[in-house]
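J.: One structure, pasted below without further comment.
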Amino acid sequence: MEKVAISTEFIKLDSLLKFAALVGTGGEAKYVIAEGMVNVNGEVCTVRGKKLRAGDRVSFADAEIEIVSE
């Protein structure tokens, strides 16, 4: 599981996918989220602006990411 450190209170789901290089563009992030291909904390999430905080876990394709604070 990859850990992504954030220095802010939260990061939005679509931004995380781009930051972690799981998608190439914002449009691609919007598509995979809308299609229900992304899980947040074990549940399908279709809200691309979902605020993720330290402790949240995101899975997409074969990647798993845990958000940690800096």
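Convention: chains lettered A, B, ... in structure tokens order; per-chain residue numbering from 1; ligands numbered from 1 as shown.
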When you look at Val44 in chain A with a cut-off of 12 Å (counting only C-alpha atoms), what residues show up, excluding the ones that are within fewer than 2 positions of it in the same chain? I need them as an MDAnalysis selection string.
T.: chainID A and resid 32:42 46:48 50 57:60
J.: Would you save the residues from that selection as a compact mmCIF listing (two decimals), in the first residue's frame, using all heavy atoms?
T.:
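Written out: result-v1.txt:
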```
# COMPACT_ATOMS: atom_id res chain seq x y z
N VAL A 32 -13.46 7.77 -14.27
CA VAL A 32 -13.32 6.54 -13.47
C VAL A 32 -14.10 6.65 -12.16
O VAL A 32 -14.65 5.65 -11.68
CB VAL A 32 -11.85 6.14 -13.21
CG1 VAL A 32 -11.14 5.87 -14.52
CG2 VAL A 32 -11.10 7.16 -12.39
N ILE A 33 -14.20 7.86 -11.61
CA ILE A 33 -14.99 8.05 -10.38
C ILE A 33 -16.47 7.89 -10.69
O ILE A 33 -17.19 7.18 -9.99
CB ILE A 33 -14.68 9.42 -9.74
CG1 ILE A 33 -13.23 9.45 -9.25
CG2 ILE A 33 -15.64 9.69 -8.59
CD1 ILE A 33 -12.73 10.83 -8.89
N ALA A 34 -16.95 8.55 -11.75
CA ALA A 34 -18.37 8.48 -12.12
C ALA A 34 -18.80 7.06 -12.46
O ALA A 34 -19.95 6.67 -12.21
CB ALA A 34 -18.65 9.41 -13.29
N GLU A 35 -17.89 6.26 -13.01
CA GLU A 35 -18.21 4.88 -13.39
C GLU A 35 -18.14 3.91 -12.21
O GLU A 35 -18.35 2.72 -12.38
CB GLU A 35 -17.26 4.41 -14.50
CG GLU A 35 -17.50 5.09 -15.83
CD GLU A 35 -18.88 4.79 -16.41
OE1 GLU A 35 -19.27 3.61 -16.46
OE2 GLU A 35 -19.57 5.75 -16.79
N GLY A 36 -17.84 4.42 -11.01
CA GLY A 36 -17.81 3.56 -9.83
C GLY A 36 -16.60 2.66 -9.75
O GLY A 36 -16.65 1.61 -9.12
N MET A 37 -15.49 3.09 -10.34
CA MET A 37 -14.28 2.27 -10.37
C MET A 37 -13.34 2.54 -9.18
O MET A 37 -12.31 1.91 -9.06
CB MET A 37 -13.54 2.50 -11.69
CG MET A 37 -14.38 2.18 -12.91
SD MET A 37 -13.65 2.79 -14.44
CE MET A 37 -12.42 1.55 -14.75
N VAL A 38 -13.71 3.50 -8.32
CA VAL A 38 -12.85 3.90 -7.21
C VAL A 38 -13.56 3.60 -5.89
O VAL A 38 -14.73 3.91 -5.73
CB VAL A 38 -12.52 5.41 -7.30
CG1 VAL A 38 -11.63 5.83 -6.15
CG2 VAL A 38 -11.87 5.75 -8.63
N ASN A 39 -12.82 3.00 -4.96
CA ASN A 39 -13.35 2.73 -3.62
C ASN A 39 -12.66 3.64 -2.62
O ASN A 39 -11.45 3.84 -2.69
CB ASN A 39 -13.09 1.28 -3.21
CG ASN A 39 -13.97 0.31 -3.93
OD1 ASN A 39 -14.99 0.68 -4.50
ND2 ASN A 39 -13.59 -0.96 -3.91
N VAL A 40 -13.44 4.16 -1.68
CA VAL A 40 -12.91 4.95 -0.57
C VAL A 40 -13.34 4.24 0.71
O VAL A 40 -14.53 4.04 0.94
CB VAL A 40 -13.44 6.40 -0.60
CG1 VAL A 40 -12.96 7.15 0.64
CG2 VAL A 40 -13.00 7.11 -1.87
N ASN A 41 -12.36 3.85 1.49
CA ASN A 41 -12.61 3.13 2.75
C ASN A 41 -13.51 1.92 2.54
O ASN A 41 -14.42 1.64 3.31
CB ASN A 41 -13.21 4.08 3.80
CG ASN A 41 -12.25 5.20 4.16
OD1 ASN A 41 -11.05 5.00 4.20
ND2 ASN A 41 -12.78 6.38 4.39
N GLY A 42 -13.27 1.20 1.44
CA GLY A 42 -13.98 -0.05 1.18
C GLY A 42 -15.33 0.08 0.51
O GLY A 42 -16.00 -0.92 0.26
N THR A 46 -18.64 7.74 -5.91
CA THR A 46 -18.86 8.38 -7.20
C THR A 46 -18.85 9.91 -7.09
O THR A 46 -19.27 10.60 -8.00
CB THR A 46 -20.20 7.91 -7.82
OG1 THR A 46 -21.26 8.22 -6.92
CG2 THR A 46 -20.17 6.43 -8.14
N VAL A 47 -18.36 10.41 -5.97
CA VAL A 47 -18.29 11.86 -5.74
C VAL A 47 -16.85 12.31 -5.98
O VAL A 47 -15.98 12.05 -5.16
CB VAL A 47 -18.72 12.21 -4.30
CG1 VAL A 47 -18.64 13.71 -4.06
CG2 VAL A 47 -20.10 11.68 -4.02
N ARG A 48 -16.61 12.99 -7.10
CA ARG A 48 -15.22 13.32 -7.42
C ARG A 48 -14.63 14.38 -6.50
O ARG A 48 -13.43 14.47 -6.33
CB ARG A 48 -15.08 13.72 -8.88
CG ARG A 48 -15.47 15.10 -9.22
CD ARG A 48 -15.09 15.37 -10.67
NE ARG A 48 -15.05 16.79 -10.92
CZ ARG A 48 -15.75 17.41 -11.85
NH1 ARG A 48 -16.54 16.73 -12.63
NH2 ARG A 48 -15.64 18.69 -12.01
N LYS A 50 -15.05 14.39 -3.28
CA LYS A 50 -15.01 13.80 -1.94
C LYS A 50 -13.74 14.24 -1.23
O LYS A 50 -12.65 14.13 -1.77
CB LYS A 50 -15.06 12.28 -2.04
CG LYS A 50 -14.76 11.54 -0.77
CD LYS A 50 -16.00 11.19 -0.05
CE LYS A 50 -15.68 10.27 1.13
NZ LYS A 50 -16.45 10.63 2.27
N ARG A 57 -8.52 5.53 3.03
CA ARG A 57 -7.87 4.61 2.08
C ARG A 57 -8.64 4.60 0.77
O ARG A 57 -9.85 4.51 0.76
CB ARG A 57 -7.81 3.19 2.66
CG ARG A 57 -6.93 3.12 3.87
CD ARG A 57 -6.94 1.74 4.47
NE ARG A 57 -6.09 1.73 5.65
CZ ARG A 57 -5.24 0.76 5.92
NH1 ARG A 57 -5.15 -0.28 5.13
NH2 ARG A 57 -4.50 0.82 7.01
N VAL A 58 -7.88 4.67 -0.30
CA VAL A 58 -8.47 4.71 -1.64
C VAL A 58 -7.90 3.55 -2.44
O VAL A 58 -6.69 3.29 -2.40
CB VAL A 58 -8.13 6.05 -2.35
CG1 VAL A 58 -8.63 6.04 -3.79
CG2 VAL A 58 -8.71 7.21 -1.58
N SER A 59 -8.77 2.84 -3.17
CA SER A 59 -8.29 1.80 -4.06
C SER A 59 -8.88 2.01 -5.45
O SER A 59 -10.04 2.38 -5.60
CB SER A 59 -8.63 0.41 -3.53
OG SER A 59 -10.01 0.24 -3.37
N PHE A 60 -8.01 1.81 -6.44
CA PHE A 60 -8.39 1.96 -7.84
C PHE A 60 -7.49 1.05 -8.66
O PHE A 60 -6.28 1.07 -8.49
CB PHE A 60 -8.24 3.42 -8.29
CG PHE A 60 -8.36 3.60 -9.78
CD1 PHE A 60 -9.54 3.32 -10.43
CD2 PHE A 60 -7.28 4.01 -10.53
CE1 PHE A 60 -9.65 3.47 -11.80
CE2 PHE A 60 -7.37 4.17 -11.90
CZ PHE A 60 -8.57 3.90 -12.54
```
J.: Can you pull out every residue within 12 Å of Ala20 in chain A, counting only C-alpha atoms, but drop anything in the same chain fewer than 4 positions away, and send it as a ChimeraX atom specification?
T.: /A:2-6,11,13-16,24-25,29,58-60,63-67
J.: Work out how far CA of Leu52 in chain A is from CA of Leu17 in chain A, in Å to one decimal.
T.: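 Between CA of Leu17 in chain A and CA of Leu52 in chain A the gap works out to 11.4 Å.
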J.: What are the DSSP strand (DSSP E or B) residues of chain A, as a PyMOL selection string?
T.: chain A and resi 2-6+11-12+38-40+43-44+51-52+57-60+63-69
J.: With N, CA and C atoms retained, could you export that selection as a PDB file, in the first residue's frame?
T.:
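Writing done, so here's again22.pdb:
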```pdb
ATOM      1  N   GLU A   2       0.600   2.131  -0.924  1.00  0.00           N
ATOM      2  CA  GLU A   2       1.340   3.386  -1.022  1.00  0.00           C
ATOM      3  C   GLU A   2       0.750   4.396  -0.040  1.00  0.00           C
ATOM      4  N   LYS A   3       1.605   5.189   0.571  1.00  0.00           N
ATOM      5  CA  LYS A   3       1.142   6.249   1.470  1.00  0.00           C
ATOM      6  C   LYS A   3       1.378   7.587   0.794  1.00  0.00           C
ATOM      7  N   VAL A   4       0.357   8.444   0.826  1.00  0.00           N
ATOM      8  CA  VAL A   4       0.464   9.788   0.273  1.00  0.00           C
ATOM      9  C   VAL A   4       0.303  10.770   1.426  1.00  0.00           C
ATOM     10  N   ALA A   5       1.328  11.592   1.642  1.00  0.00           N
ATOM     11  CA  ALA A   5       1.298  12.571   2.728  1.00  0.00           C
ATOM     12  C   ALA A   5       0.723  13.883   2.220  1.00  0.00           C
ATOM     13  N   ILE A   6      -0.186  14.443   3.003  1.00  0.00           N
ATOM     14  CA  ILE A   6      -0.756  15.749   2.653  1.00  0.00           C
ATOM     15  C   ILE A   6      -0.444  16.730   3.781  1.00  0.00           C
ATOM     16  N   ILE A  11      -7.608  16.425   0.841  1.00  0.00           N
ATOM     17  CA  ILE A  11      -7.352  16.462  -0.595  1.00  0.00           C
ATOM     18  C   ILE A  11      -8.587  15.865  -1.256  1.00  0.00           C
ATOM     19  N   LYS A  12      -8.995  16.435  -2.375  1.00  0.00           N
ATOM     20  CA  LYS A  12     -10.177  15.916  -3.067  1.00  0.00           C
ATOM     21  C   LYS A  12      -9.796  14.662  -3.845  1.00  0.00           C
ATOM     22  N   VAL A  38     -13.711   3.497  -8.324  1.00  0.00           N
ATOM     23  CA  VAL A  38     -12.850   3.898  -7.209  1.00  0.00           C
ATOM     24  C   VAL A  38     -13.560   3.601  -5.886  1.00  0.00           C
ATOM     25  N   ASN A  39     -12.821   3.004  -4.959  1.00  0.00           N
ATOM     26  CA  ASN A  39     -13.345   2.733  -3.623  1.00  0.00           C
ATOM     27  C   ASN A  39     -12.663   3.639  -2.616  1.00  0.00           C
ATOM     28  N   VAL A  40     -13.442   4.161  -1.682  1.00  0.00           N
ATOM     29  CA  VAL A  40     -12.912   4.947  -0.569  1.00  0.00           C
ATOM     30  C   VAL A  40     -13.337   4.242   0.711  1.00  0.00           C
ATOM     31  N   GLU A  43     -15.750   1.307   0.201  1.00  0.00           N
ATOM     32  CA  GLU A  43     -17.044   1.509  -0.446  1.00  0.00           C
ATOM     33  C   GLU A  43     -16.865   2.272  -1.750  1.00  0.00           C
ATOM     34  N   VAL A  44     -17.677   1.934  -2.758  1.00  0.00           N
ATOM     35  CA  VAL A  44     -17.630   2.640  -4.033  1.00  0.00           C
ATOM     36  C   VAL A  44     -17.967   4.106  -3.806  1.00  0.00           C
ATOM     37  N   LYS A  51     -13.887  14.768  -0.019  1.00  0.00           N
ATOM     38  CA  LYS A  51     -12.733  15.231   0.746  1.00  0.00           C
ATOM     39  C   LYS A  51     -12.122  14.053   1.496  1.00  0.00           C
ATOM     40  N   LEU A  52     -10.850  13.814   1.237  1.00  0.00           N
ATOM     41  CA  LEU A  52     -10.130  12.726   1.883  1.00  0.00           C
ATOM     42  C   LEU A  52      -9.206  13.307   2.938  1.00  0.00           C
ATOM     43  N   ARG A  57      -8.523   5.526   3.026  1.00  0.00           N
ATOM     44  CA  ARG A  57      -7.873   4.608   2.083  1.00  0.00           C
ATOM     45  C   ARG A  57      -8.640   4.599   0.771  1.00  0.00           C
ATOM     46  N   VAL A  58      -7.883   4.672  -0.304  1.00  0.00           N
ATOM     47  CA  VAL A  58      -8.468   4.710  -1.645  1.00  0.00           C
ATOM     48  C   VAL A  58      -7.899   3.551  -2.440  1.00  0.00           C
ATOM     49  N   SER A  59      -8.768   2.844  -3.172  1.00  0.00           N
ATOM     50  CA  SER A  59      -8.286   1.800  -4.063  1.00  0.00           C
ATOM     51  C   SER A  59      -8.877   2.012  -5.453  1.00  0.00           C
ATOM     52  N   PHE A  60      -8.010   1.807  -6.444  1.00  0.00           N
ATOM     53  CA  PHE A  60      -8.392   1.962  -7.840  1.00  0.00           C
ATOM     54  C   PHE A  60      -7.491   1.055  -8.661  1.00  0.00           C
ATOM     55  N   ALA A  63      -4.090  -0.459  -7.418  1.00  0.00           N
ATOM     56  CA  ALA A  63      -3.383   0.418  -6.472  1.00  0.00           C
ATOM     57  C   ALA A  63      -4.213   0.663  -5.226  1.00  0.00           C
ATOM     58  N   GLU A  64      -3.515   0.732  -4.097  1.00  0.00           N
ATOM     59  CA  GLU A  64      -4.143   1.101  -2.837  1.00  0.00           C
ATOM     60  C   GLU A  64      -3.325   2.218  -2.215  1.00  0.00           C
ATOM     61  N   ILE A  65      -4.019   3.239  -1.770  1.00  0.00           N
ATOM     62  CA  ILE A  65      -3.360   4.420  -1.213  1.00  0.00           C
ATOM     63  C   ILE A  65      -3.952   4.731   0.149  1.00  0.00           C
ATOM     64  N   GLU A  66      -3.087   5.062   1.091  1.00  0.00           N
ATOM     65  CA  GLU A  66      -3.537   5.539   2.398  1.00  0.00           C
ATOM     66  C   GLU A  66      -3.078   6.977   2.525  1.00  0.00           C
ATOM     67  N   ILE A  67      -3.998   7.833   2.971  1.00  0.00           N
ATOM     68  CA  ILE A  67      -3.685   9.241   3.180  1.00  0.00           C
ATOM     69  C   ILE A  67      -3.087   9.391   4.585  1.00  0.00           C
ATOM     70  N   VAL A  68      -1.943  10.064   4.663  1.00  0.00           N
ATOM     71  CA  VAL A  68      -1.306  10.348   5.955  1.00  0.00           C
ATOM     72  C   VAL A  68      -1.013  11.846   6.007  1.00  0.00           C
ATOM     73  N   SER A  69      -0.933  12.385   7.215  1.00  0.00           N
ATOM     74  CA  SER A  69      -0.603  13.801   7.348  1.00  0.00           C
ATOM     75  C   SER A  69       0.906  13.944   7.472  1.00  0.00           C
TER      76      SER A  69
END
```
J.: Among chain A, which residues does DSSP mark as alpha helix (DSSP H) when it is run on the backbone? Keep the chain and numbering as in the structure and answer as a list in words.
T.: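 Secondary structure check on chain A, alpha helix (DSSP H): Leu13, Asp14, Ser15, Leu16, Leu17, Lys18, Phe19, Gly26, Gly27, Glu28, Ala29, Lys30, Tyr31, Val32, Ile33 and Ala34 of chain A.
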J.: Kindly export the residues of the current selection with N, CA and C atoms, as a JSON list (two decimals), in the first residue's frame.
T.:
```json
[["chain", "number", "residue", "atom", "x", "y", "z"],
["A", 13, "LEU", "N", -10.77, 13.77, -3.99],
["A", 13, "LEU", "CA", -10.54, 12.47, -4.61],
["A", 13, "LEU", "C", -9.95, 12.59, -6.01],
["A", 14, "ASP", "N", -10.52, 13.45, -6.86],
["A", 14, "ASP", "CA", -9.99, 13.56, -8.22],
["A", 14, "ASP", "C", -8.56, 14.08, -8.21],
["A", 15, "SER", "N", -8.25, 15.00, -7.31],
["A", 15, "SER", "CA", -6.89, 15.52, -7.21],
["A", 15, "SER", "C", -5.91, 14.45, -6.73],
["A", 16, "LEU", "N", -6.36, 13.60, -5.82],
["A", 16, "LEU", "CA", -5.50, 12.52, -5.35],
["A", 16, "LEU", "C", -5.15, 11.57, -6.48],
["A", 17, "LEU", "N", -6.13, 11.20, -7.29],
["A", 17, "LEU", "CA", -5.86, 10.28, -8.39],
["A", 17, "LEU", "C", -4.83, 10.85, -9.35],
["A", 18, "LYS", "N", -4.91, 12.15, -9.61],
["A", 18, "LYS", "CA", -3.93, 12.80, -10.49],
["A", 18, "LYS", "C", -2.58, 12.90, -9.79],
["A", 19, "PHE", "N", -2.55, 13.31, -8.52],
["A", 19, "PHE", "CA", -1.32, 13.47, -7.77],
["A", 19, "PHE", "C", -0.55, 12.15, -7.66],
["A", 26, "GLY", "N", -7.61, 15.26, -15.46],
["A", 26, "GLY", "CA", -8.81, 15.46, -14.64],
["A", 26, "GLY", "C", -10.02, 14.81, -15.26],
["A", 27, "GLY", "N", -10.09, 14.84, -16.59],
["A", 27, "GLY", "CA", -11.21, 14.20, -17.28],
["A", 27, "GLY", "C", -11.23, 12.71, -17.06],
["A", 28, "GLU", "N", -10.06, 12.10, -17.06],
["A", 28, "GLU", "CA", -9.97, 10.66, -16.81],
["A", 28, "GLU", "C", -10.38, 10.36, -15.37],
["A", 29, "ALA", "N", -9.95, 11.21, -14.43],
["A", 29, "ALA", "CA", -10.34, 11.03, -13.02],
["A", 29, "ALA", "C", -11.85, 11.12, -12.88],
["A", 30, "LYS", "N", -12.45, 12.12, -13.52],
["A", 30, "LYS", "CA", -13.91, 12.30, -13.48],
["A", 30, "LYS", "C", -14.62, 11.04, -14.00],
["A", 31, "TYR", "N", -14.11, 10.49, -15.10],
["A", 31, "TYR", "CA", -14.73, 9.31, -15.71],
["A", 31, "TYR", "C", -14.66, 8.09, -14.78],
["A", 32, "VAL", "N", -13.46, 7.77, -14.27],
["A", 32, "VAL", "CA", -13.32, 6.54, -13.47],
["A", 32, "VAL", "C", -14.10, 6.65, -12.16],
["A", 33, "ILE", "N", -14.20, 7.86, -11.61],
["A", 33, "ILE", "CA", -14.99, 8.05, -10.38],
["A", 33, "ILE", "C", -16.47, 7.89, -10.69],
["A", 34, "ALA", "N", -16.95, 8.55, -11.75],
["A", 34, "ALA", "CA", -18.37, 8.48, -12.12],
["A", 34, "ALA", "C", -18.80, 7.06, -12.46]]
```
J.: Restricting the calculation to only C-alpha atoms: of A:Asp62, A:Ala21, A:Gly49, A:Glu70, which residue gets closest to Met1 in chain A?
T.: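 Smallest distance to Met1 in chain A is found for A:Asp62.
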